>>> print(open('protein-v6.cif').read())   # mmCIF, C-alpha atoms
data_model
#
loop_
_atom_site.label_atom_id
_atom_site.label_comp_id
_atom_site.auth_asym_id
_atom_site.auth_seq_id
_atom_site.Cartn_x
_atom_site.Cartn_y
_atom_site.Cartn_z
CA MET A 226 -92.67 -10.44 -112.78
CA ASN A 227 -95.06 -9.05 -110.19
CA LYS A 228 -93.23 -6.52 -107.96
CA ASN A 229 -94.56 -8.11 -104.75
CA ILE A 230 -93.41 -11.58 -105.82
CA SER A 231 -90.04 -10.15 -106.81
CA LYS A 232 -89.62 -8.60 -103.35
CA GLU A 233 -90.57 -11.91 -101.68
CA LEU A 234 -88.00 -13.77 -103.79
CA GLU A 235 -85.33 -11.26 -102.85
CA GLY A 236 -86.16 -11.88 -99.19
CA VAL A 237 -86.02 -15.67 -99.57
CA ILE A 238 -82.71 -15.59 -101.46
CA SER A 239 -81.13 -13.18 -98.99
CA GLN A 240 -82.01 -15.61 -96.18
CA MET A 241 -80.67 -18.60 -98.14
CA ILE A 242 -77.24 -17.10 -98.70
CA LYS A 243 -76.71 -16.57 -94.97
CA PRO A 244 -74.76 -19.66 -93.87
CA LEU A 245 -75.96 -21.67 -90.88
CA LYS A 246 -73.23 -22.17 -88.31
CA GLY A 247 -72.47 -24.50 -85.42
CA LEU A 248 -75.04 -27.25 -86.09
CA PRO A 249 -74.09 -30.43 -84.17
CA LEU A 250 -73.56 -33.41 -86.45
CA GLY A 251 -75.90 -35.48 -84.27
CA ILE A 252 -78.82 -33.14 -85.01
CA VAL A 253 -77.95 -32.97 -88.73
CA ILE A 254 -77.74 -36.77 -89.02
CA GLU A 255 -81.08 -37.28 -87.28
CA GLY A 256 -82.70 -34.60 -89.45
CA LEU A 257 -81.40 -36.14 -92.68
CA SER A 258 -81.82 -39.81 -91.88
CA GLY A 259 -84.13 -40.17 -88.89
CA TYR A 260 -81.39 -42.10 -87.05
CA LYS A 261 -79.52 -40.96 -83.96
CA ALA A 262 -75.79 -40.28 -83.79
CA LYS A 263 -75.14 -41.65 -80.31
CA PRO A 264 -72.56 -39.69 -78.28
CA PHE A 265 -69.66 -41.57 -76.72
CA ASN A 266 -70.32 -42.37 -73.06
CA LYS A 267 -67.13 -42.30 -70.96
CA ARG A 268 -68.96 -44.16 -68.17
CA SER A 269 -70.04 -47.02 -70.42
CA GLU A 270 -67.85 -50.14 -70.24
CA LYS A 271 -69.00 -51.11 -73.74
CA ASP A 272 -68.06 -47.73 -75.21
CA LEU A 273 -64.69 -47.77 -73.44
CA LYS A 274 -64.01 -51.25 -74.80
CA VAL A 275 -64.69 -50.07 -78.36
CA LEU A 276 -62.41 -47.07 -77.83
CA GLU A 277 -59.64 -49.40 -76.66
CA ILE A 278 -59.98 -51.43 -79.86
CA LEU A 279 -59.90 -48.26 -81.99
CA LYS A 280 -56.69 -47.18 -80.22
CA ARG A 281 -55.12 -50.53 -81.11
CA VAL A 282 -56.33 -50.12 -84.69
CA ALA A 283 -54.71 -46.67 -84.88
CA ASP A 284 -51.41 -48.10 -83.61
CA ASP A 285 -51.59 -50.94 -86.14
CA VAL A 286 -52.24 -48.57 -89.03
CA LEU A 287 -49.36 -46.29 -88.01
CA THR A 288 -47.00 -49.27 -87.89
CA GLU A 289 -48.13 -50.80 -91.19
CA VAL A 290 -48.19 -47.53 -93.16
CA ASN A 291 -44.73 -46.59 -91.95
CA LYS A 292 -43.21 -49.84 -93.21
CA LYS A 293 -43.44 -48.68 -96.83
CA GLY A 294 -45.19 -45.30 -96.72
CA ILE A 295 -47.88 -44.06 -99.10
CA LEU A 296 -46.77 -42.57 -102.42
CA ARG A 297 -49.10 -39.81 -103.61
CA PRO A 298 -48.77 -36.43 -105.38
CA ARG A 299 -51.20 -34.69 -103.00
CA PRO A 300 -51.79 -35.09 -99.25
CA ASN A 301 -55.60 -35.10 -99.55
CA GLU A 302 -55.35 -38.41 -101.45
CA VAL A 303 -53.61 -40.22 -98.60
CA GLY A 304 -56.80 -40.64 -96.56
CA ASN A 305 -58.28 -42.94 -99.21
CA ASP A 306 -55.19 -45.14 -99.09
CA ILE A 307 -55.30 -45.39 -95.30
CA GLU A 308 -58.91 -46.67 -95.26
CA PRO A 309 -58.02 -50.30 -96.28
CA TYR A 310 -55.43 -50.43 -93.49
CA VAL A 311 -58.11 -49.38 -91.01
CA LYS A 312 -60.61 -51.99 -92.24
CA GLN A 313 -58.03 -54.75 -92.12
CA SER A 314 -56.98 -53.90 -88.58
CA ILE A 315 -60.57 -53.68 -87.29
CA GLN A 316 -61.24 -57.15 -88.67
CA LYS A 317 -58.15 -58.43 -86.88
CA TYR A 318 -59.97 -57.79 -83.61
CA ASN A 319 -63.00 -59.80 -84.76
CA TYR A 320 -65.11 -56.77 -85.52
CA ARG A 321 -66.97 -56.89 -88.83
CA ALA A 322 -65.96 -53.86 -90.93
CA ASP A 323 -67.09 -52.91 -94.41
CA THR A 324 -68.27 -50.07 -96.62
CA PRO A 325 -71.71 -48.97 -95.33
CA LEU A 326 -74.82 -50.07 -97.20
CA THR A 327 -77.12 -47.30 -98.41
CA ILE A 328 -80.89 -47.17 -97.95
CA SER A 329 -81.27 -49.11 -101.21
CA GLY A 330 -78.82 -51.78 -100.01
CA LYS A 331 -75.88 -50.72 -102.21
CA LYS A 332 -72.29 -50.32 -101.11
CA LYS A 333 -71.21 -46.75 -101.72
CA SER A 334 -67.56 -45.84 -101.27
CA THR A 335 -67.96 -42.07 -101.72
CA GLY A 336 -69.51 -39.78 -99.14
CA TYR A 337 -69.79 -39.90 -95.37
CA PRO A 338 -69.06 -42.21 -93.59
CA ASP A 339 -66.20 -44.41 -94.86
CA ILE A 340 -66.68 -47.53 -92.73
CA GLU A 341 -69.37 -49.29 -90.72
CA PHE A 342 -68.20 -51.80 -88.14
CA ILE A 343 -70.06 -54.09 -85.76
CA ASP A 344 -68.53 -54.31 -82.30
CA GLU A 345 -68.45 -57.33 -79.99
CA PHE A 346 -71.74 -56.23 -78.45
CA GLY A 347 -73.54 -56.39 -81.80
CA ARG A 348 -73.79 -52.60 -82.14
CA SER A 349 -73.26 -50.67 -85.36
CA ASN A 350 -70.63 -47.94 -85.42
CA TYR A 351 -69.71 -45.54 -88.21
CA LEU A 352 -66.10 -44.50 -88.77
CA GLU A 353 -64.67 -41.71 -90.92
CA CYS A 354 -60.97 -41.88 -91.91
CA LYS A 355 -59.02 -38.62 -92.09
CA THR A 356 -55.47 -37.32 -92.36
CA TYR A 357 -54.06 -33.97 -91.32
CA ASN A 358 -50.90 -31.91 -91.44
CA ILE A 359 -49.70 -30.57 -88.08
CA ASN A 360 -49.10 -27.15 -89.71
CA ASN A 361 -52.78 -26.61 -90.58
CA ILE A 362 -54.60 -28.40 -87.76
CA GLU A 363 -55.45 -25.08 -86.09
CA THR A 364 -56.57 -23.34 -89.29
CA THR A 365 -60.05 -22.81 -90.74
CA GLN A 366 -59.32 -25.01 -93.76
CA ARG A 367 -62.41 -27.12 -94.49
CA SER A 368 -61.72 -30.83 -94.04
CA PHE A 369 -65.10 -32.47 -93.33
CA TYR A 370 -68.03 -32.67 -95.73
CA LEU A 371 -71.51 -34.13 -95.37
CA SER A 372 -74.00 -33.94 -98.22
CA PRO A 373 -77.69 -34.95 -98.19
CA SER A 374 -78.53 -37.88 -100.44
CA ASP A 375 -81.61 -39.76 -101.64
CA ASP A 376 -79.62 -42.94 -100.97
CA PHE A 377 -77.98 -42.04 -97.67
CA LYS A 378 -75.32 -44.24 -96.03
CA ILE A 379 -76.72 -43.76 -92.52
CA THR A 380 -79.30 -46.49 -91.94
CA LYS A 381 -79.31 -47.08 -88.18
CA ASP A 382 -78.67 -45.53 -84.77
CA ALA A 383 -74.92 -45.69 -84.13
CA HIS A 384 -71.84 -44.07 -82.73
CA HIS A 385 -70.03 -41.81 -85.19
CA PHE A 386 -66.26 -42.01 -84.74
CA GLY A 387 -63.42 -40.35 -86.59
CA ILE A 388 -59.91 -41.76 -86.87
CA SER A 389 -57.35 -39.25 -88.11
CA PHE A 390 -53.63 -39.60 -88.76
CA GLU A 391 -51.00 -36.87 -88.78
CA ILE A 392 -49.01 -37.37 -91.98
CA TYR A 393 -45.68 -35.96 -93.10
CA VAL A 394 -43.50 -36.17 -96.22
CA GLU A 395 -40.47 -38.37 -95.69
CA LYS A 396 -39.10 -37.76 -99.19
CA SER A 397 -40.09 -36.89 -102.74
CA ILE A 398 -39.91 -39.31 -105.65
CA GLY A 399 -40.40 -37.57 -108.99
CA ASN A 400 -43.64 -35.60 -108.81
CA LYS A 401 -44.91 -37.66 -105.87
CA HIS A 402 -44.27 -37.64 -102.14
CA LEU A 403 -43.76 -40.54 -99.76
CA TYR A 404 -46.09 -39.99 -96.81
CA LYS A 405 -45.73 -41.55 -93.38
CA VAL A 406 -47.60 -41.20 -90.09
CA ASN A 407 -46.48 -39.41 -86.92
CA ASN A 408 -49.53 -39.48 -84.63
CA TRP A 409 -53.24 -40.26 -84.56
CA LYS A 410 -56.45 -38.98 -83.01
CA ILE A 411 -59.79 -40.71 -82.37
CA LEU A 412 -62.81 -38.41 -82.41
CA ASP A 413 -66.44 -38.44 -81.27
CA LEU A 414 -68.02 -36.91 -84.36
CA SER A 415 -71.50 -36.71 -82.83
CA LYS A 416 -70.32 -33.47 -81.20
CA LEU A 417 -68.76 -32.00 -84.34
CA GLU A 418 -70.19 -28.57 -85.21
CA LEU A 419 -71.07 -28.10 -88.88
CA ASP A 420 -71.72 -25.07 -91.06
CA VAL A 421 -74.07 -25.01 -94.04
CA LYS A 422 -73.45 -22.80 -97.05
CA TYR A 423 -75.94 -22.86 -99.91
CA GLU A 424 -74.91 -22.65 -103.55
CA PHE A 425 -76.73 -22.18 -106.82
CA ASN A 426 -75.73 -24.42 -109.72
CA ALA A 427 -76.62 -25.29 -113.32
CA TYR A 428 -75.77 -28.20 -115.60
CA ASN A 429 -74.30 -27.93 -119.12
CA LYS A 430 -77.60 -28.23 -120.97
CA ARG A 431 -78.78 -25.05 -119.26
CA LEU A 432 -75.47 -23.23 -119.47
CA TYR A 433 -75.17 -23.70 -123.23
CA ASP A 434 -78.83 -23.22 -124.10
CA LYS A 435 -79.36 -21.45 -127.45
CA LYS A 436 -81.15 -18.53 -125.82
CA LEU A 437 -77.98 -17.68 -123.84
CA ILE A 438 -75.52 -17.78 -126.71
CA LEU A 439 -74.57 -14.35 -128.00
CA ALA A 440 -71.91 -15.53 -130.45
CA LYS A 441 -70.07 -18.70 -131.45
CA LYS A 442 -67.52 -19.98 -133.92
CA LYS A 443 -66.38 -23.42 -135.06
#
>>> encode(input="protein-v6.cif", output="structure tokens")
Amino acid sequence: MNKNISKELEGVISQMIKPLKGLPLGIVIEGLSGYKAKPFNKRSEKDLKVLEILKRVADDVLTEVNKKGILRPRPNEVGNDIEPYVKQSIQKYNYRADTPLTISGKKKSTGYPDIEFIDEFGRSNYLECKTYNINNIETTQRSFYLSPSDDFKITKDAHHFGISFEIYVEKSIGNKHLYKVNNWKILDLSKLELDVKYEFNAYNKRLYDKKLILAKKK
């Protein structure tokens, strides 16, 4: 390889591996999708009305989950189980709530965000469901992920809310734990600061290419 090109590549790679920090989600969303993540306006009667509904939803979910609890081996799985409770409660208040449609018109359960709901004013809102443990809420443990996609789930200007529940283990049953809810938080995710860390990857066909194999045995 030409020495000059090699030096340029070294420079590019050294820049790539420096993580970007503190990027507001609103800017990231607009850059990836072209749509705005509208910040919550505390002076808007419409926004305050939606917040009031979300507070009722959070109370409903806490009550319903705590009737039986959620049985899971790991706490990070509880968030998925809470999502149906959230959808059901939102619909109780005559808001339409469903899994967001992607650019191609498909419903996609994985990836951000979890739910899209239409409020009484005909506006779209995105909602991400989360759980947390009170012991690690102040730590630097990563708990929010947003990945670019060719078939993104953000297809319109909207508010981006988060609804998060503090969970605890009431008891253990075999190798599983019975989780219940203590508290909840409702978040304006448009102001969430994100970090970007690049990674290099390879798929199996490349990893096990004949030219890489030094020795093998059946």
>>> resolve_selection(input="protein-v6.cif", expression="the PyMOL selection byres ((chain A and resi 278) around 12)", output="PyMOL selection string")
chain A and resi 271-277+279-285+311+314-320+342-345+388+411
>>> residues_around(input="protein-v6.cif", residues="Lys312 of chain A", least_positions_apart="3", cutoff="8 Å", atoms="all atoms listed in the file", output="PyMOL selection string")
chain A and resi 308-309+315-316+322-323+340
>>> residues_around(input="protein-v6.cif", residues="Lys410 of chain A", least_positions_apart="6", cutoff="8 Å", atoms="all atoms listed in the file", output="PyMOL selection string")
chain A and resi 387-390
>>> atom_distance(input="protein-v6.cif", atom1="atom CA of Leu414 of chain A", atom2="atom CA of Leu287 of chain A")
21.2 Å
>>> resolve_selection(input="protein-v6.cif", expression="the PyMOL selection byres ((chain A and resi 249) around 7)", output="PyMOL selection string")
chain A and resi 247-248+250-253+415-419
>>> write_last_selection(input="protein-v6.cif", atoms="C-alpha atoms", output="PDB file, in the frame of the given file")
ATOM      1  CA  GLY A 247     -72.470 -24.500 -85.420  1.00  0.00           C
ATOM      2  CA  LEU A 248     -75.040 -27.250 -86.090  1.00  0.00           C
ATOM      3  CA  LEU A 250     -73.560 -33.410 -86.450  1.00  0.00           C
ATOM      4  CA  GLY A 251     -75.900 -35.480 -84.270  1.00  0.00           C
ATOM      5  CA  ILE A 252     -78.820 -33.140 -85.010  1.00  0.00           C
ATOM      6  CA  VAL A 253     -77.950 -32.970 -88.730  1.00  0.00           C
ATOM      7  CA  SER A 415     -71.500 -36.710 -82.830  1.00  0.00           C
ATOM      8  CA  LYS A 416     -70.320 -33.470 -81.200  1.00  0.00           C
ATOM      9  CA  LEU A 417     -68.760 -32.000 -84.340  1.00  0.00           C
ATOM     10  CA  GLU A 418     -70.190 -28.570 -85.210  1.00  0.00           C
ATOM     11  CA  LEU A 419     -71.070 -28.100 -88.880  1.00  0.00           C
TER      12      LEU A 419
END
>>> resolve_selection(input="protein-v6.cif", expression="the PyMOL selection byres ((chain A and resi 360-373) around 10)", output="list in words")
Leu250, Val253, Ile254, Leu257, Ser258, Asn301, Gly336, Tyr337, Pro338, Glu353, Lys355, Thr356, Tyr357, Asn358, Ile359, Ser374, Asp375, Asp376, Phe377, Lys378, Glu391, Leu417, Leu419, Asp420 and Val421 of chain A
>>> atom_distance(input="protein-v6.cif", atom1="atom CA of Gly259 of chain A", atom2="atom CA of Thr327 of chain A")
13.8 Å
>>> atom_distance(input="protein-v6.cif", atom1="atom CA of Asp413 of chain A", atom2="atom CA of Phe386 of chain A")
5.0 Å
